[in-house]
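Peer 1: Data file my_file-v2.tsv (TSV, C-alpha atoms) is appended below.
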chain	number	residue	atom	x	y	z
A	345	MET	CA	14.26	-15.01	9.74
A	346	SER	CA	13.47	-13.61	13.17
A	347	GLN	CA	17.03	-14.07	14.39
A	348	GLU	CA	18.28	-11.71	11.69
A	349	THR	CA	15.75	-8.91	11.68
A	350	ASN	CA	18.21	-6.29	12.91
A	351	ALA	CA	20.41	-4.84	10.23
A	352	THR	CA	24.03	-5.94	10.25
A	353	PRO	CA	26.45	-3.30	8.95
A	354	ARG	CA	27.94	-4.24	5.62
A	355	LYS	CA	31.54	-5.31	5.97
A	356	ARG	CA	34.25	-3.41	4.18
A	357	GLY	CA	36.46	-5.14	1.68
A	358	ARG	CA	36.52	-6.16	-1.93
A	359	PRO	CA	33.03	-5.99	-3.49
A	360	PRO	CA	31.56	-9.43	-4.09
A	361	SER	CA	31.62	-10.68	-7.65
A	362	ALA	CA	28.48	-10.75	-9.77
A	363	ALA	CA	28.75	-14.54	-9.92
A	364	ALA	CA	28.80	-14.82	-6.11
A	365	GLN	CA	25.80	-12.50	-5.81
A	366	LYS	CA	23.92	-14.54	-8.42
A	367	ARG	CA	24.62	-17.80	-6.59
A	368	ALA	CA	23.45	-16.31	-3.30
A	369	LEU	CA	20.26	-14.94	-4.87
A	370	GLU	CA	19.49	-18.26	-6.54
A	371	ALA	CA	20.04	-20.15	-3.29
A	372	ALA	CA	17.88	-17.71	-1.33
A	373	HIS	CA	15.09	-18.00	-3.89
A	374	GLU	CA	15.23	-21.82	-3.81
A	375	ILE	CA	14.98	-21.84	-0.01
A	376	LEU	CA	12.10	-19.35	-0.01
A	377	MET	CA	10.11	-21.34	-2.56
A	378	ALA	CA	10.76	-24.74	-0.98
A	379	GLU	CA	10.83	-23.97	2.75
A	380	GLY	CA	9.45	-20.48	3.32
A	381	PHE	CA	10.76	-17.39	5.08
A	382	GLY	CA	11.30	-19.08	8.42
A	383	ARG	CA	14.12	-21.23	7.02
A	384	MET	CA	15.78	-18.57	4.90
A	385	THR	CA	18.78	-17.46	6.92
A	386	ILE	CA	22.16	-16.14	5.88
A	387	GLU	CA	23.68	-19.40	7.16
A	388	ALA	CA	21.35	-21.47	5.00
A	389	VAL	CA	22.06	-19.39	1.92
A	390	ALA	CA	25.79	-19.60	2.50
A	391	ALA	CA	25.64	-23.38	2.89
A	392	ARG	CA	23.53	-23.89	-0.23
A	393	SER	CA	25.34	-21.42	-2.47
A	394	GLY	CA	28.92	-21.93	-1.35
A	395	VAL	CA	29.25	-18.16	-0.91
A	396	GLY	CA	30.79	-17.11	2.40
A	397	LYS	CA	28.74	-15.22	4.95
A	398	PRO	CA	31.07	-12.18	4.91
A	399	THR	CA	30.64	-11.97	1.14
A	400	ILE	CA	26.84	-12.13	1.46
A	401	TYR	CA	26.82	-9.46	4.17
A	402	ARG	CA	28.80	-7.13	1.89
A	403	SER	CA	25.82	-7.12	-0.48
A	404	TRP	CA	22.84	-7.42	1.88
A	405	ALA	CA	22.58	-6.13	5.42
A	406	ASN	CA	20.41	-8.99	6.70
A	407	ALA	CA	18.29	-11.97	5.68
A	408	GLN	CA	15.19	-9.84	5.05
A	409	GLU	CA	17.01	-7.61	2.59
A	410	LEU	CA	18.41	-10.68	0.82
A	411	ALA	CA	14.93	-12.23	0.71
A	412	MET	CA	13.45	-9.19	-0.98
A	413	ALA	CA	16.27	-9.10	-3.50
A	414	ALA	CA	15.76	-12.80	-4.24
A	415	LEU	CA	12.02	-12.43	-4.70
A	416	LEU	CA	12.39	-9.37	-6.91
A	417	VAL	CA	15.43	-10.54	-8.86
A	418	ASN	CA	13.03	-10.60	-11.82
A	419	ARG	CA	11.34	-7.24	-11.47
A	420	LEU	CA	7.58	-7.06	-11.31
A	421	PRO	CA	6.02	-5.94	-14.60
A	422	GLU	CA	6.06	-2.25	-15.38
A	423	ALA	CA	3.96	-0.43	-17.92
A	424	ASP	CA	5.28	0.71	-21.27
A	425	VAL	CA	4.67	4.36	-20.50
A	426	GLY	CA	5.22	5.58	-24.05
A	427	GLY	CA	2.23	5.89	-26.39
A	428	GLY	CA	-1.26	4.48	-26.15
A	429	THR	CA	-4.13	5.72	-24.03
A	430	ALA	CA	-4.05	6.08	-20.27
A	431	GLN	CA	-6.68	3.35	-20.05
A	432	ALA	CA	-4.54	0.93	-22.07
A	433	ALA	CA	-1.22	1.75	-20.37
A	434	LEU	CA	-2.56	1.72	-16.81
A	435	GLY	CA	-4.59	-1.40	-17.56
A	436	ALA	CA	-1.50	-3.23	-18.82
A	437	GLN	CA	0.51	-2.20	-15.77
A	438	MET	CA	-2.23	-3.18	-13.36
A	439	ARG	CA	-2.73	-6.58	-15.00
A	440	GLY	CA	1.00	-7.18	-14.69
A	441	LEU	CA	0.95	-6.32	-11.00
A	442	VAL	CA	-2.03	-8.45	-10.05
A	443	THR	CA	-0.77	-11.39	-12.12
A	444	ALA	CA	2.63	-11.21	-10.43
A	445	PHE	CA	1.12	-11.12	-6.95
A	446	ALA	CA	-1.14	-14.07	-7.71
A	447	SER	CA	1.99	-16.17	-8.33
A	448	THR	CA	3.89	-18.14	-5.69
A	449	ARG	CA	6.55	-15.45	-5.61
A	450	GLY	CA	3.95	-12.74	-5.14
A	451	ARG	CA	2.23	-14.60	-2.32
A	452	GLN	CA	5.59	-15.05	-0.59
A	453	ILE	CA	6.18	-11.31	-0.80
A	454	THR	CA	2.74	-10.60	0.63
A	455	MET	CA	3.23	-13.03	3.52
A	456	ALA	CA	6.56	-11.45	4.34
A	457	LEU	CA	5.13	-7.94	4.29
A	458	ALA	CA	2.33	-8.89	6.65
A	459	ALA	CA	4.89	-10.09	9.21
A	460	ALA	CA	7.55	-7.42	8.67
A	461	ASP	CA	8.23	-4.33	10.73
A	462	PRO	CA	7.11	-1.22	8.79
A	463	GLU	CA	10.60	0.23	9.17
A	464	SER	CA	12.47	-2.96	8.30
A	465	GLU	CA	14.83	-3.09	5.33
A	466	PHE	CA	12.46	-5.61	3.74
A	467	THR	CA	9.48	-3.24	3.89
A	468	LYS	CA	11.54	-0.28	2.71
A	469	ALA	CA	12.81	-2.32	-0.24
A	470	PHE	CA	9.26	-3.27	-1.20
A	471	ARG	CA	8.08	0.30	-0.81
A	472	ASN	CA	10.81	1.65	-3.09
A	473	ARG	CA	11.05	-1.13	-5.67
A	474	VAL	CA	7.36	-1.97	-6.07
A	475	ILE	CA	4.95	0.62	-4.68
A	476	LEU	CA	6.85	3.81	-5.51
A	477	SER	CA	8.12	2.41	-8.81
A	478	SER	CA	4.55	1.57	-9.87
A	479	ARG	CA	3.26	4.97	-8.79
A	480	ASN	CA	6.04	6.78	-10.67
A	481	ALA	CA	5.21	4.89	-13.86
A	482	GLY	CA	1.54	5.72	-13.34
A	483	ARG	CA	2.35	9.39	-12.84
A	484	ILE	CA	4.12	9.48	-16.21
A	485	ILE	CA	1.17	7.80	-17.91
A	486	LEU	CA	-1.28	10.31	-16.45
A	487	GLU	CA	0.92	13.34	-17.15
A	488	GLU	CA	1.29	12.26	-20.78
A	489	ALA	CA	-2.47	11.75	-21.05
A	490	LEU	CA	-3.01	15.22	-19.57
A	491	ALA	CA	-0.57	16.75	-22.07
A	492	ARG	CA	-2.46	15.06	-24.95
A	493	GLY	CA	-5.75	16.46	-23.69
A	494	GLU	CA	-7.04	12.96	-23.02
A	495	ILE	CA	-7.98	13.70	-19.39
A	496	VAL	CA	-8.55	16.77	-17.22
A	497	ALA	CA	-6.15	17.72	-14.46
A	498	PRO	CA	-7.04	16.03	-11.15
A	499	PRO	CA	-7.40	18.22	-8.06
A	500	ASP	CA	-4.55	16.24	-6.49
A	501	MET	CA	-2.34	13.94	-8.59
A	502	ASP	CA	-0.96	12.06	-5.58
A	503	ALA	CA	-4.47	11.35	-4.32
A	504	LEU	CA	-5.42	9.97	-7.74
A	505	LEU	CA	-2.34	7.74	-7.79
A	506	ASP	CA	-3.22	6.44	-4.33
A	507	MET	CA	-6.72	5.69	-5.60
A	508	ILE	CA	-5.21	3.56	-8.36
A	509	TYR	CA	-2.51	1.64	-6.49
A	510	GLY	CA	-3.81	1.65	-2.92
A	511	PRO	CA	-6.63	-0.89	-3.47
A	512	VAL	CA	-4.25	-3.54	-4.83
A	513	PHE	CA	-1.92	-3.44	-1.86
A	514	PHE	CA	-4.82	-3.16	0.58
A	515	ARG	CA	-6.33	-6.39	-0.74
A	516	LEU	CA	-2.96	-8.09	-0.72
A	517	LEU	CA	-2.33	-7.27	2.94
A	518	VAL	CA	-5.87	-7.65	4.29
A	519	GLY	CA	-6.81	-10.63	2.14
A	520	HIS	CA	-10.57	-10.03	2.34
A	521	CYS	CA	-11.09	-10.37	-1.44
A	522	PRO	CA	-9.07	-11.85	-4.30
A	523	VAL	CA	-6.70	-9.80	-6.43
A	524	SER	CA	-7.57	-10.54	-10.03
A	525	PRO	CA	-7.09	-9.00	-13.50
A	526	GLU	CA	-10.78	-8.05	-13.45
A	527	PHE	CA	-10.23	-6.18	-10.18
A	528	GLY	CA	-7.28	-4.34	-11.73
A	529	ASP	CA	-9.37	-3.31	-14.74
A	530	ALA	CA	-12.16	-2.08	-12.45
A	531	ILE	CA	-9.71	0.08	-10.48
A	532	VAL	CA	-8.41	1.76	-13.62
A	533	ARG	CA	-11.88	2.39	-15.05
A	534	THR	CA	-13.12	3.83	-11.76
A	535	ALA	CA	-10.11	6.09	-11.22
A	536	LEU	CA	-10.10	7.45	-14.78
A	537	ARG	CA	-13.75	8.45	-14.49
A	538	ALA	CA	-12.60	11.05	-11.95
A	539	VAL	CA	-10.49	12.77	-14.65
A	540	ALA	CA	-12.59	12.03	-17.71
A	541	LEU	CA	-13.29	14.86	-20.13
A	542	SER	CA	-16.77	16.33	-19.81
A	543	GLY	CA	-19.17	14.29	-21.89
A	544	ALA	CA	-16.64	11.50	-22.48
Show the structure stored in the file as structure tokens.
Peer 2:
Amino acid sequence: MSQETNATPRKRGRPPSAAAQKRALEAAHEILMAEGFGRMTIEAVAARSGVGKPTIYRSWANAQELAMAALLVNRLPEADVGGGTAQAALGAQMRGLVTAFASTRGRQITMALAAADPESEFTKAFRNRVILSSRNAGRIILEEALARGEIVAPPDMDALLDMIYGPVFFRLLVGHCPVSPEFGDAIVRTALRAVALSGA
């Protein structure tokens, strides 16, 4: 996708139909899974889907943005933030994340992130739709646990959230150790010890 890394302004005109967007996303996903990021271009998606390039550009500024949309068309798992303990809710969310990233789709996302510019549309999309979304769900879980008296207030809530989610994305990008459900459980246990009630 190197030839399309610079954002192309979306063209004005009639918004593309949901059916056209769906065909383009399906075609992009098929190309990514079968041929990888290097072959996923707007031209290739247009040829496979039958959706015109101008129509595609009205929805996605470039091939990277389309790739992220195609990979995340089924959102990564999010925790059910209502009810349950912080240990159970965070554990369920973390297991969903690590399981998703162990899949072919997750590995494709990781490979793309490693090669992407930090300020690219692709990286920004991942940051907003995965990292920040996960952290926001985690914040709700912890704030509810704090309101129930299940945990004590951390000195810095954002630092605690980084302690929970940072290790997953660090391992994904560095690749020095596997990302597994057991690793996710260990992160949650370790982080919650920092806010455990005295004597718990």
Peer 1: So which residues touch Glu488 in chain A within 12 Å, counting all atoms listed in the file, skipping near sequence neighbours fewer than 4 positions away, as a VMD selection string?
Peer 2: chain A and resid 425 to 431 433 to 434 481 to 484 492 to 497
Peer 1: Show which residues sit within 10 Å of Glu374 in chain A, as JSON, numbers by chain. Count all atoms listed in the file, and ignore same-chain residues fewer than 5 positions away.
Peer 2: {"A": [368, 369, 379, 380, 384, 389, 392, 414, 415]}
Peer 1: I'd like to know which of A:Met412, A:Ala371, A:Pro525, A:Tyr509 is closest to Ser477 in chain A, using all atoms listed in the file.
Peer 2: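 Among the listed residues, the smallest separation from Ser477 in chain A belongs to A:Tyr509.
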Peer 1: Could you tell me which of A:Met377, A:Leu441, A:Ala364, A:Leu541 comes closest to Gly396 in chain A if we count all atoms listed in the file?
Peer 2: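 Checking each candidate against Gly396 in chain A, we get A:Ala364 as the closest.
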Peer 1: What separation in Å, quoted to one decimal, exists between CA of Asn472 in chain A and CA of Arg367 in chain A?
Peer 2: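 Taking CA of Asn472 in chain A and CA of Arg367 in chain A, their separation equals 24.1 Å.
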Peer 1: Which one is closest to Asp506 in chain A: A:Thr467, A:Ala407, A:Ala540, A:Arg479? Count all atoms listed in the file.
Peer 2: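 Checking each candidate against Asp506 in chain A, we get A:Arg479 as the closest.
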Peer 1: Using Å and a single decimal, report how far CA of Ile485 in chain A sits from CA of His520 in chain A.
Peer 2: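 Separation of CA of His520 in chain A and CA of Ile485 in chain A: 29.4 Å.
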Peer 1: Please provide the set of residues having any atom within 12 Å of Ala378 in chain A, restricted to only C-alpha atoms, with same-chain residues fewer than 5 positions apart removed, written as a ChimeraX atom specification.
Peer 2: /A:371-373,383-384,448-449,452
Peer 1: Please list as a VMD selection string every residue within 12 Å of Arg451 in chain A, counting all atoms listed in the file and excluding residues in the same chain fewer than 4 positions away.
Peer 2: chain A and resid 376 to 377 380 to 381 415 442 to 447 455 to 458 513 515 to 517 519 522 to 523
Peer 1: Have a look at CA of Ile531 in chain A and CA of Ile508 in chain A and let me know their distance in Å, one decimal.
Peer 2: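 Interatomic distance, CA of Ile531 in chain A to CA of Ile508 in chain A: 6.1 Å.
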Peer 1: Identify which of the residues A:Gly435, A:Ile375, A:Thr454, A:Gly440 lies closest to Val518 in chain A, counting all atoms listed in the file when measuring atom-to-atom distances.
Peer 2: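 Residue with the minimum atom-to-atom distance to Val518 in chain A: A:Thr454.
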Peer 1: Provide an axis-aligned box for all listed atoms of range 477-488 of chain A, padding each side by 8 Å; report its centre and its edge lengths in Å to one decimal, as JSON.
Peer 2:
{"center_x": 3.4, "center_y": 7.5, "center_z": -14.8, "size_x": 25.4, "size_y": 27.8, "size_z": 28.0}
Peer 1: Of the candidates A:Gln408, A:Ala489, A:Ser393, A:Leu505, which shows the shortest atom-to-atom distance to Ala460 in chain A, using all atoms listed in the file?
Peer 2: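 Looking at the shortest contact to Ala460 in chain A, the residue is A:Gln408.
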Peer 1: For a quick check of understanding, using all atoms listed in the file, which of A:Val539, A:Ser361, A:Ala459, A:Val474 has the smallest distance to Gly382 in chain A?
Peer 2: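 For Gly382 in chain A, the nearest of the candidates is A:Ala459.
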